[in-house]
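Peer 1: Input: one structure, supplied below.
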Protein chains: 2
Amino acid sequence: MTSVLPTDLTEQALDAALDGFRAAVGAEHVLTDVEQLREFRDPYWFAAWDDYEASAVVQPESVEELQAVVRIANDRGVPLWVSSQGRNNGYGGSSPRVRGAVVVNLRRMNRVLEIDGDAAYAVVEPGVSFFDLYEAVRASGHRLWISVPDLGWGSVIGNTLEYGLGYTPYGDHAANACGLEVVLPNGELVRTGMGAISNGRAWHVYRRSFGPSFDGLFFQSNLGIVTKMGVWLMPEPECYLPGWVMVPRDDDLGPMVDIVRELMLGGSITGYPMILSPVAAASVFTDRAHWHQGEGVLPEEAIERICSELGFGRWTMRFAIHGDEAIVDHRFARVQEAFGRIEGSTVIGTKVAGSQVHTIENPAERVQAGVPNLELVQMGKWYGGEAGGHIGFSPAAPLTADDATRLRDLMRGALAEHGLDYSAALIPTGPRSFINVVLVVFDTSDEDQTRSAFAVSKELVPKAAALGYGEYRAHIDFMDLCAGAYDFNDYASRRLAETIKDVLDPNGILMPGKQGVWPRRMRGV
Amino acid sequence: MTSVLPTDLTEQALDAALDGFRAAVGAEHVLTDVEQLREFRDPYWFAAWDDYEASAVVQPESVEELQAVVRIANDRGVPLWVSSQGRNNGYGGSSPRVRGAVVVNLRRMNRVLEIDGDAAYAVVEPGVSFFDLYEAVRASGHRLWISVPDLGWGSVIGNTLEYGLGYTPYGDHAANACGLEVVLPNGELVRTGMGAISNGRAWHVYRRSFGPSFDGLFFQSNLGIVTKMGVWLMPEPECYLPGWVMVPRDDDLGPMVDIVRELMLGGSITGYPMILSPVAAASVFTDRAHWHQGEGVLPEEAIERICSELGFGRWTMRFAIHGDEAIVDHRFARVQEAFGRIEGSTVIGTKVAGSQVHTIENPAERVQAGVPNLELVQMGKWYGGEAGGHIGFSPAAPLTADDATRLRDLMRGALAEHGLDYSAALIPTGPRSFINVVLVVFDTSDEDQTRSAFAVSKELVPKAAALGYGEYRAHIDFMDLCAGAYDFNDYASRRLAETIKDVLDPNGILMPGKQGVWPRRMRGV
């Protein structure tokens, strides 16, 4: 048996809970061997560190089995940590915030329950990956696109609940989810929106209900476990144009961001673009050793070689336009015209028929058409090859030149102090805001570098907060720190979260500590 | 003093509370005279009926004054009912669900706090009307549009919180609100999203926070009072094309709806259109007596006269296209082509420069360009002239031919049984769903007809629910009935709402009964 025990729990209580889980889901779906658990560990957490070990992994196959697991956890006081696919890499993977928690992994709940070709939506269970949904939609024969993140192996529900992003016009995944089914911390089942009517016809087409909307409570949350979700699908456009913008100078970032905002507000760029720093762009194709062997931050000379040899700008943006061909042509001309205001910039783009996007070679261009792949896994291997890892440090900010420049300077400077390269992706989350994902890349087999990577991420949290920026998502190791930035009115927002947490989860069993929200028994109140 | 007392409250307790309110907001802002209160009464509720009388109206000027009012109400156990402008006509106006409640009216909190011309948003207080915001944006000189509902006198925040709709591409008002400040039922102040950081830069541009989102809790809600809200604004388009589609046969409704869905999914119609029945269309310009003098439902012959004399179709749709002129032309051709599939249909449209929309004459065409007016007040005067009133009966449904036809038959049939005319507006809330607003029109000075109008609305609730449709909004008189349709898992959704209500509002003072959610002390639990 396991020796990893949650605080406040006896070995006997945990064993009794595990017996209960075995009875509920079948003994073969309760994993306790060290070897079996390894797969559900944060892949980038240093191997000898055991802060976030799970005691077991339970894999229910149905809502009823999941409800049984939740009820047993309440009876025994066992903390649960839920993952769908468990691919939350860069933020802790499937590892629980609380050492010794039982991971409830939902991979076996993997059905695409419905694809509606008229109203253009699908209904999925949490174990459905982007690859699964893509295949199911293709097989249905409907000319509909899904939206996918850079890596297609994750769960559609898991990604959406963490405010994950894709790059088609439906790339704000949370905004295109409609109608949830949720197991509450006490095991009770609720449906949101029009699903609260037993035979509700508008569950997956109309976002609201009669009265307040509870959907938001279940995002980045420890208030419930989402078991079904509607996903809006996009009609295949007549034409798709993936494009690239390269600007020559570091300080072109500001004007570039202002132009992106203008083009997105006006609708000329229809997908969600991504602006890459030279290291981020180079890491798609090469590792660091290819450019430089020495310690310390990559020298300016190497950055210039990256840009010239790979044909990147000092900042490189991928973007896409979707629509009827005549409209795509018009919009592309607008994009070219707008970036023409930056001296020395280059704008390129190639039209593809909407029905032919699965044949596109470049994975960055496939992804903006909703075709999933795994090729960007390479980006995390900048240092350390197969042992490469990353942390996502990801504040949200207004999409303006000032904000982009300020965050660049802050983050690049902090990384440099630790001798780490600056690999940044600026991802607009709409025309008005962006997520500044810095991939803090490191060699996971190098304990010192791993420690530095976490140290710099943690140092950045209060520095970003002092400038008015909060993280959109964070690694379990510094969730508390990130939550601490949300200080308005003496942490009124945290008190609200705790008040609701305590009443919905009185035994404090569901994902304690997620996003810095702790149940009463662990707050020492 | 008033003789309208809330249940469970003594005259002494109410008087003490009123004294407290006077001290907090100034005596002149606590209204108790019958004459003063009349303005805050449901204007369509029969004059001699006193079910929903308020005991007083309190008008704070600031967040601090409002917090003081809420704290006094907690101390004294006084139920409050909040209105912003108080224009929730058709759904109860400013009248409280609980007789004798004190109306907290927020008209005096009427500042436009910020207009950001770069990121295209405004920040408003609850007393700001659509007219106010329109004027403020015009005065700022920024080339930005607001989105307005059919009547411009309402509060931007009030309308948005009730899931109100406008008709520009930003017409889903709740989806274009970003960042709330809220007074909780205990008087505490919270800010949602990135406003939870004291100096949070992304409050009104990024919709989420770190952890769960609480915004949805405060829509159609008795869980808090919204005191500030970000409102996204739309850049003025180069070109605006308001258009009309007329179809000749009653059964063209189905194909018309399917085509609207297709055009909205594909982006050819950019605003939120509205499909009108003949009586709804005629009521914009004329009253019933103009067409028919007799009792009972308007005869077929009169409906045909309406269509031929006013140039309407058997169903008439207003719609709009926004964008660069070349794109508008392309999209309009698509719209014409699509409706060409319905025999005998007519599609017309006229282009206007985006900068000239304030000069448009037709109010229905102004409204789709975000220019507010009050001309559609006329629609409620079908019966009874100045004494005309209406109830909004408004289920939400998938935007499909089957659903539209089924609801038409249900509602027209039920109204006919009561001898009432069928005045319907089908309003898509996006490409996949629509609200079927039936204006149950009546003469508010005619007690029998008023009673019939409420009776038919109430009869329709369970009938619509049996077919899987729930109301998106409802009059205070049948909120409980509407809430009763949301029955999944033995009313799990209501239990969730009540659980959160009880913990956030333990004294049950804030808007008891709103949308069928009652605090514990009034549930008799």
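In the structure tokens, the first chain shown is A, the next is B, and so on; residue numbers restart at 1 for each chain, and ligands run from 1 in the order shown.
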Assign secondary structure with DSSP using the backbone only, and return the residues of stretch 103-162 of chain B in strand (DSSP E) as a list in words.
Peer 2: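 Filtering stretch 103-162 of chain B to strand (DSSP E) leaves Val103, Val104, Asn105, Val112, Leu113, Glu114, Ile115, Asp116, Tyr121, Ala122, Val123, Val124, Leu144 and Trp145 of chain B.
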Peer 1: Could you list, as number ranges by chain, the residues of chain A having an atom within 6 Å of chain B when counting only C-alpha atoms?
Peer 2: A: 119, 190, 196-202, 205-206, 210-213, 216-217, 219-221, 327, 397-398, 432-433, 468, 472, 486-488, 492-493, 515
Peer 1: Keeping only N, CA and C atoms, write the selected residues to a file as a CSV table (one decimal), in the first residue's frame.
Peer 2:
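Ended up saving to selection.csv:
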chain,number,residue,atom,x,y,z
A,119,ALA,N,-27.6,23.0,-35.3
A,119,ALA,CA,-27.3,24.1,-34.4
A,119,ALA,C,-25.8,24.1,-34.1
A,190,VAL,N,-26.3,18.4,-10.7
A,190,VAL,CA,-27.0,19.6,-11.2
A,190,VAL,C,-26.7,19.8,-12.6
A,196,ALA,N,-31.5,22.6,-16.5
A,196,ALA,CA,-32.2,22.5,-15.3
A,196,ALA,C,-33.7,22.1,-15.5
A,197,ILE,N,-34.1,22.2,-16.7
A,197,ILE,CA,-35.4,21.6,-17.1
A,197,ILE,C,-35.1,20.2,-17.6
A,198,SER,N,-35.9,19.2,-17.1
A,198,SER,CA,-35.6,17.8,-17.3
A,198,SER,C,-35.4,17.5,-18.8
A,199,ASN,N,-36.3,18.0,-19.6
A,199,ASN,CA,-36.2,17.8,-21.1
A,199,ASN,C,-35.8,19.1,-21.8
A,200,GLY,N,-35.1,19.9,-21.1
A,200,GLY,CA,-34.8,21.3,-21.7
A,200,GLY,C,-34.2,21.3,-23.1
A,201,ARG,N,-34.9,21.8,-24.0
A,201,ARG,CA,-34.5,21.8,-25.4
A,201,ARG,C,-33.3,22.8,-25.6
A,202,ALA,N,-33.2,23.8,-24.8
A,202,ALA,CA,-32.2,24.8,-25.1
A,202,ALA,C,-30.9,24.7,-24.3
A,205,VAL,N,-27.8,25.4,-26.4
A,205,VAL,CA,-27.8,26.5,-27.3
A,205,VAL,C,-28.0,27.8,-26.7
A,206,TYR,N,-28.6,27.9,-25.5
A,206,TYR,CA,-28.9,29.1,-24.8
A,206,TYR,C,-28.1,29.1,-23.5
A,210,PHE,N,-33.2,30.7,-15.8
A,210,PHE,CA,-34.1,31.6,-15.2
A,210,PHE,C,-33.5,31.9,-13.8
A,211,GLY,N,-33.0,33.1,-13.6
A,211,GLY,CA,-32.2,33.4,-12.4
A,211,GLY,C,-30.8,33.5,-12.6
A,212,PRO,N,-30.0,33.5,-11.6
A,212,PRO,CA,-28.5,33.6,-11.7
A,212,PRO,C,-27.9,32.4,-12.5
A,213,SER,N,-26.7,32.7,-13.0
A,213,SER,CA,-26.0,31.6,-13.8
A,213,SER,C,-24.9,31.1,-12.9
A,216,GLY,N,-20.1,29.8,-14.1
A,216,GLY,CA,-18.8,30.3,-13.8
A,216,GLY,C,-18.2,29.7,-12.5
A,217,LEU,N,-19.1,29.2,-11.6
A,217,LEU,CA,-18.6,28.6,-10.4
A,217,LEU,C,-17.8,27.4,-10.6
A,219,PHE,N,-15.6,26.8,-13.2
A,219,PHE,CA,-14.4,27.0,-13.9
A,219,PHE,C,-13.2,27.2,-13.0
A,220,GLN,N,-12.1,26.6,-13.2
A,220,GLN,CA,-10.9,26.8,-12.3
A,220,GLN,C,-11.3,26.6,-10.9
A,221,SER,N,-12.0,25.6,-10.6
A,221,SER,CA,-12.8,25.5,-9.4
A,221,SER,C,-12.7,24.3,-8.6
A,327,ILE,N,-14.3,37.9,-48.8
A,327,ILE,CA,-14.1,38.6,-47.5
A,327,ILE,C,-12.7,38.4,-47.0
A,397,ALA,N,-3.6,40.9,-19.3
A,397,ALA,CA,-3.4,42.3,-19.4
A,397,ALA,C,-4.2,42.9,-20.5
A,398,PRO,N,-4.4,44.2,-20.4
A,398,PRO,CA,-5.0,44.9,-21.6
A,398,PRO,C,-4.2,44.7,-22.8
A,432,ARG,N,-9.5,42.9,-26.6
A,432,ARG,CA,-9.1,43.9,-25.6
A,432,ARG,C,-8.1,43.4,-24.6
A,433,SER,N,-7.8,42.1,-24.6
A,433,SER,CA,-6.9,41.6,-23.5
A,433,SER,C,-6.0,40.5,-24.1
A,468,GLY,N,-0.4,45.7,-11.4
A,468,GLY,CA,-1.8,45.5,-11.7
A,468,GLY,C,-2.2,44.3,-12.5
A,472,TYR,N,-3.7,34.3,-15.0
A,472,TYR,CA,-4.9,33.7,-15.5
A,472,TYR,C,-5.0,32.2,-15.1
A,486,TYR,N,-5.0,39.0,-5.3
A,486,TYR,CA,-6.4,39.5,-5.5
A,486,TYR,C,-6.9,40.1,-4.2
A,487,ASP,N,-6.5,41.3,-3.9
A,487,ASP,CA,-6.5,41.9,-2.6
A,487,ASP,C,-7.6,43.0,-2.4
A,488,PHE,N,-8.4,43.2,-3.4
A,488,PHE,CA,-9.3,44.4,-3.2
A,488,PHE,C,-10.2,44.2,-2.0
A,492,ALA,N,-11.8,40.6,-0.3
A,492,ALA,CA,-13.3,40.3,-0.3
A,492,ALA,C,-13.6,39.1,-1.3
A,493,SER,N,-12.9,39.1,-2.4
A,493,SER,CA,-13.2,38.0,-3.4
A,493,SER,C,-12.8,36.7,-2.8
A,515,GLN,N,-6.5,26.8,-6.9
A,515,GLN,CA,-6.5,28.3,-7.2
A,515,GLN,C,-6.5,29.1,-5.8
Peer 1: Mind checking which residues fall within 7 Å of stretch 296-303 of chain B, counting only C-alpha atoms, ignoring those fewer than 2 positions away in the same chain, and posting them as a list of chain:residue names?
Peer 2: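 Everything that qualifies: B:Pro278, B:Trp291, B:His292, B:Gly294, B:Arg305, B:Ile306, B:Cys307, B:Ala416, B:Gly419, B:Leu420, B:Asp421.
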Peer 1: Tell me which protein, DNA and RNA residues are within 7 Å of B:Asn110, counting only C-alpha atoms, leaving out same-chain ones fewer than 4 positions away, and put them as an MDAnalysis selection string.
Peer 2: chainID B and resid 125:128
Peer 1: Those same residues, written as a PDB file, in the first residue's frame with all heavy atoms?
Peer 2:
ATOM      1  N   GLU B 125     -22.331  53.411 -13.734  1.00  0.00           N
ATOM      2  CA  GLU B 125     -23.093  53.148 -12.521  1.00  0.00           C
ATOM      3  C   GLU B 125     -24.520  52.736 -12.915  1.00  0.00           C
ATOM      4  O   GLU B 125     -24.939  52.958 -14.053  1.00  0.00           O
ATOM      5  CB  GLU B 125     -23.123  54.411 -11.652  1.00  0.00           C
ATOM      6  CG  GLU B 125     -21.757  54.759 -11.061  1.00  0.00           C
ATOM      7  CD  GLU B 125     -21.825  55.929 -10.072  1.00  0.00           C
ATOM      8  OE1 GLU B 125     -22.691  56.825 -10.243  1.00  0.00           O
ATOM      9  OE2 GLU B 125     -21.013  55.943  -9.143  1.00  0.00           O
ATOM     10  N   PRO B 126     -25.283  52.189 -11.955  1.00  0.00           N
ATOM     11  CA  PRO B 126     -26.594  51.630 -12.323  1.00  0.00           C
ATOM     12  C   PRO B 126     -27.622  52.651 -12.784  1.00  0.00           C
ATOM     13  O   PRO B 126     -28.561  52.306 -13.512  1.00  0.00           O
ATOM     14  CB  PRO B 126     -27.075  50.929 -11.050  1.00  0.00           C
ATOM     15  CG  PRO B 126     -26.092  51.231  -9.982  1.00  0.00           C
ATOM     16  CD  PRO B 126     -24.880  51.836 -10.592  1.00  0.00           C
ATOM     17  N   GLY B 127     -27.463  53.917 -12.411  1.00  0.00           N
ATOM     18  CA  GLY B 127     -28.444  54.908 -12.821  1.00  0.00           C
ATOM     19  C   GLY B 127     -28.240  55.430 -14.229  1.00  0.00           C
ATOM     20  O   GLY B 127     -29.035  56.232 -14.719  1.00  0.00           O
ATOM     21  N   VAL B 128     -27.187  54.983 -14.900  1.00  0.00           N
ATOM     22  CA  VAL B 128     -26.916  55.454 -16.265  1.00  0.00           C
ATOM     23  C   VAL B 128     -27.867  54.761 -17.238  1.00  0.00           C
ATOM     24  O   VAL B 128     -27.891  53.535 -17.316  1.00  0.00           O
ATOM     25  CB  VAL B 128     -25.446  55.176 -16.647  1.00  0.00           C
ATOM     26  CG1 VAL B 128     -25.194  55.502 -18.117  1.00  0.00           C
ATOM     27  CG2 VAL B 128     -24.504  55.963 -15.739  1.00  0.00           C
TER      28      VAL B 128
END
Peer 1: Work out how far atom CA of A:Phe285 is from atom CA of A:Gly243, in Å to one decimal.
Peer 2: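 Separation between atom CA of A:Gly243 and atom CA of A:Phe285: 18.1 Å.
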Peer 1: Tell me, in Å to one decimal, how far atom CA of B:Trp49 is from atom CA of B:Ala17.
Peer 2: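 Result for atom CA of B:Trp49 versus atom CA of B:Ala17: 26.1 Å, one decimal.
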Peer 1: Within 9 Å of stretch 18-31 of chain A, counting only C-alpha atoms, which residues qualify if same-chain residues fewer than 4 places away don't, as a JSON list (two decimals) with N, CA and C atoms, in the first residue's frame?
Peer 2:
[["chain", "number", "residue", "atom", "x", "y", "z"],
["A", 13, "ALA", "N", -8.23, 4.97, 7.65],
["A", 13, "ALA", "CA", -9.31, 5.68, 6.96],
["A", 13, "ALA", "C", -9.07, 5.67, 5.45],
["A", 14, "LEU", "N", -7.83, 5.92, 5.06],
["A", 14, "LEU", "CA", -7.52, 5.90, 3.63],
["A", 14, "LEU", "C", -7.77, 4.51, 3.05],
["A", 36, "GLN", "N", 2.28, 2.83, -11.44],
["A", 36, "GLN", "CA", 1.02, 3.31, -12.06],
["A", 36, "GLN", "C", 0.81, 4.80, -11.77],
["A", 37, "LEU", "N", 1.19, 5.20, -10.56],
["A", 37, "LEU", "CA", 0.95, 6.60, -10.18],
["A", 37, "LEU", "C", 1.86, 7.57, -10.93],
["A", 55, "SER", "N", -1.90, 9.68, -3.34],
["A", 55, "SER", "CA", -1.91, 8.38, -2.67],
["A", 55, "SER", "C", -2.47, 7.30, -3.59],
["A", 56, "ALA", "N", -3.35, 7.69, -4.49],
["A", 56, "ALA", "CA", -3.98, 6.72, -5.39],
["A", 56, "ALA", "C", -4.62, 7.47, -6.55],
["A", 57, "VAL", "N", -4.94, 6.72, -7.58],
["A", 57, "VAL", "CA", -5.71, 7.27, -8.70],
["A", 57, "VAL", "C", -6.95, 6.40, -8.88],
["A", 58, "VAL", "N", -8.11, 7.04, -8.96],
["A", 58, "VAL", "CA", -9.38, 6.33, -9.16],
["A", 58, "VAL", "C", -9.95, 6.75, -10.50],
["A", 59, "GLN", "N", -10.39, 5.77, -11.28],
["A", 59, "GLN", "CA", -10.90, 6.10, -12.62],
["A", 59, "GLN", "C", -12.33, 5.58, -12.82],
["A", 60, "PRO", "N", -13.32, 6.39, -12.45],
["A", 60, "PRO", "CA", -14.71, 5.97, -12.65],
["A", 60, "PRO", "C", -15.06, 5.98, -14.14],
["A", 61, "GLU", "N", -16.09, 5.22, -14.48],
["A", 61, "GLU", "CA", -16.49, 5.13, -15.88],
["A", 61, "GLU", "C", -17.79, 5.87, -16.16],
["A", 62, "SER", "N", -18.50, 6.25, -15.12],
["A", 62, "SER", "CA", -19.83, 6.85, -15.32],
["A", 62, "SER", "C", -20.08, 7.90, -14.25],
["A", 65, "GLU", "N", -20.77, 6.20, -10.93],
["A", 65, "GLU", "CA", -19.55, 5.78, -10.24],
["A", 65, "GLU", "C", -18.83, 6.97, -9.62],
["A", 66, "LEU", "N", -18.79, 8.05, -10.36],
["A", 66, "LEU", "CA", -18.14, 9.26, -9.83],
["A", 66, "LEU", "C", -18.87, 9.77, -8.59],
["A", 68, "ALA", "N", -20.53, 8.00, -6.51],
["A", 68, "ALA", "CA", -20.21, 7.08, -5.41],
["A", 68, "ALA", "C", -18.84, 7.42, -4.82],
["A", 69, "VAL", "N", -17.87, 7.71, -5.68],
["A", 69, "VAL", "CA", -16.52, 8.07, -5.22],
["A", 69, "VAL", "C", -16.58, 9.32, -4.34],
["A", 72, "ILE", "N", -18.10, 8.54, -0.91],
["A", 72, "ILE", "CA", -17.15, 7.80, -0.05],
["A", 72, "ILE", "C", -16.10, 8.78, 0.50],
["A", 73, "ALA", "N", -15.62, 9.66, -0.36],
["A", 73, "ALA", "CA", -14.61, 10.64, 0.09],
["A", 73, "ALA", "C", -15.17, 11.51, 1.20]]
Peer 1: So how far away is atom CA of B:Tyr91 from atom CA of A:Gly179, in Å?
Peer 2: 25.6 Å
Peer 1: Set the distance at 10 Å and use only C-alpha atoms: which residues neighbour B:Ala101 once local chain neighbours fewer than 5 positions away are removed? I'd like the list as JSON, numbers by chain.
Peer 2: {"B": [4, 5, 6, 7, 14, 52, 53, 54, 55, 56, 57, 78, 79, 80, 81, 82, 95, 96, 509, 510, 511, 512]}
Peer 1: Just checking: using only C-alpha atoms, which residue out of A:Gly164, A:Gly171, A:Gly224, A:Pro255 ends up closest to A:Phe339?
Peer 2: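 With only C-alpha atoms as the atom set, the closest residue is A:Pro255.
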Peer 1: Please extract the residues of stretch 331-454 of chain A with a backbone DSSP assignment of helix (DSSP H, G or I) and present them as an NGL selection string.
Peer 2: :A and (331-339 or 354-359 or 363-367 or 375-381 or 385-387 or 401-417 or 447-454)
Peer 1: Suppose we keep C-alpha atoms; can you now write the selection as a PDB file, in the first residue's frame?
Peer 2:
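Result written to result_11.pdb:
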ATOM      1  CA  ARG A 331      -9.487  41.462 -44.686  1.00  0.00           C
ATOM      2  CA  PHE A 332      -6.002  40.326 -45.640  1.00  0.00           C
ATOM      3  CA  ALA A 333      -5.505  43.583 -47.522  1.00  0.00           C
ATOM      4  CA  ARG A 334      -6.499  45.423 -44.338  1.00  0.00           C
ATOM      5  CA  VAL A 335      -3.988  43.415 -42.320  1.00  0.00           C
ATOM      6  CA  GLN A 336      -1.215  44.120 -44.819  1.00  0.00           C
ATOM      7  CA  GLU A 337      -2.079  47.807 -44.886  1.00  0.00           C
ATOM      8  CA  ALA A 338      -2.107  48.090 -41.090  1.00  0.00           C
ATOM      9  CA  PHE A 339       1.235  46.381 -40.488  1.00  0.00           C
ATOM     10  CA  GLY A 354     -11.944  25.416 -45.769  1.00  0.00           C
ATOM     11  CA  SER A 355     -12.536  21.807 -46.739  1.00  0.00           C
ATOM     12  CA  GLN A 356      -8.814  21.135 -47.249  1.00  0.00           C
ATOM     13  CA  VAL A 357      -7.283  22.326 -43.992  1.00  0.00           C
ATOM     14  CA  HIS A 358      -6.461  18.799 -42.799  1.00  0.00           C
ATOM     15  CA  THR A 359      -3.870  18.653 -45.583  1.00  0.00           C
ATOM     16  CA  PRO A 363       1.234  22.482 -37.471  1.00  0.00           C
ATOM     17  CA  ALA A 364       0.881  26.138 -36.414  1.00  0.00           C
ATOM     18  CA  GLU A 365      -1.321  26.660 -39.460  1.00  0.00           C
ATOM     19  CA  ARG A 366      -3.306  23.461 -38.845  1.00  0.00           C
ATOM     20  CA  VAL A 367      -4.026  24.450 -35.271  1.00  0.00           C
ATOM     21  CA  GLU A 375       4.198  18.944 -32.602  1.00  0.00           C
ATOM     22  CA  LEU A 376       4.540  21.886 -30.244  1.00  0.00           C
ATOM     23  CA  VAL A 377       5.574  19.501 -27.460  1.00  0.00           C
ATOM     24  CA  GLN A 378       8.996  20.364 -28.841  1.00  0.00           C
ATOM     25  CA  MET A 379       8.805  23.888 -27.346  1.00  0.00           C
ATOM     26  CA  GLY A 380       9.294  22.544 -23.837  1.00  0.00           C
ATOM     27  CA  LYS A 381      12.516  20.799 -24.854  1.00  0.00           C
ATOM     28  CA  GLY A 385      15.908  17.391 -24.666  1.00  0.00           C
ATOM     29  CA  GLU A 386      13.490  14.673 -23.574  1.00  0.00           C
ATOM     30  CA  ALA A 387      13.952  15.885 -19.998  1.00  0.00           C
ATOM     31  CA  ALA A 401       1.464  48.689 -26.371  1.00  0.00           C
ATOM     32  CA  ASP A 402       2.153  49.948 -22.854  1.00  0.00           C
ATOM     33  CA  ASP A 403       1.027  46.788 -21.127  1.00  0.00           C
ATOM     34  CA  ALA A 404       2.834  44.490 -23.536  1.00  0.00           C
ATOM     35  CA  THR A 405       6.073  46.408 -23.229  1.00  0.00           C
ATOM     36  CA  ARG A 406       5.892  46.638 -19.450  1.00  0.00           C
ATOM     37  CA  LEU A 407       5.329  42.893 -19.081  1.00  0.00           C
ATOM     38  CA  ARG A 408       8.097  42.064 -21.551  1.00  0.00           C
ATOM     39  CA  ASP A 409      10.568  44.135 -19.581  1.00  0.00           C
ATOM     40  CA  LEU A 410       9.467  42.745 -16.244  1.00  0.00           C
ATOM     41  CA  MET A 411       9.581  39.113 -17.244  1.00  0.00           C
ATOM     42  CA  ARG A 412      12.629  39.159 -19.466  1.00  0.00           C
ATOM     43  CA  GLY A 413      14.531  40.995 -16.744  1.00  0.00           C
ATOM     44  CA  ALA A 414      13.539  38.587 -13.994  1.00  0.00           C
ATOM     45  CA  LEU A 415      14.415  35.525 -16.071  1.00  0.00           C
ATOM     46  CA  ALA A 416      17.795  37.028 -16.972  1.00  0.00           C
ATOM     47  CA  GLU A 417      18.641  37.429 -13.291  1.00  0.00           C
ATOM     48  CA  GLU A 447      17.664  20.204  -9.855  1.00  0.00           C
ATOM     49  CA  ASP A 448      19.219  23.663  -9.670  1.00  0.00           C
ATOM     50  CA  GLN A 449      17.695  24.842 -12.920  1.00  0.00           C
ATOM     51  CA  THR A 450      14.309  23.424 -11.923  1.00  0.00           C
ATOM     52  CA  ARG A 451      14.543  25.263  -8.616  1.00  0.00           C
ATOM     53  CA  SER A 452      15.474  28.487 -10.432  1.00  0.00           C
ATOM     54  CA  ALA A 453      12.537  28.146 -12.790  1.00  0.00           C
ATOM     55  CA  PHE A 454      10.075  27.907  -9.912  1.00  0.00           C
TER      56      PHE A 454
END
Peer 1: Would you kindly return, as a PyMOL selection string, each protein, DNA or RNA residue with an atom no farther than 12 Å from any atom of B:Ala320, considering only C-alpha atoms and excluding same-chain residues fewer than 4 positions away?
Peer 2: chain B and resi 166-169+171+239-245+260+263-264+267-274+328-329+331-332+335+347-352+364-370
Peer 1: Which is closest to A:Leu151 among A:Val182, A:Gly311, A:Thr444, A:Leu374, if we use only C-alpha atoms?
Peer 2: A:Leu374
Peer 1: Which residue is closest to A:Leu133? Choose from A:Gly230, A:Met246, A:Thr286, A:Pro185 and count only C-alpha atoms.
Peer 2: A:Gly230
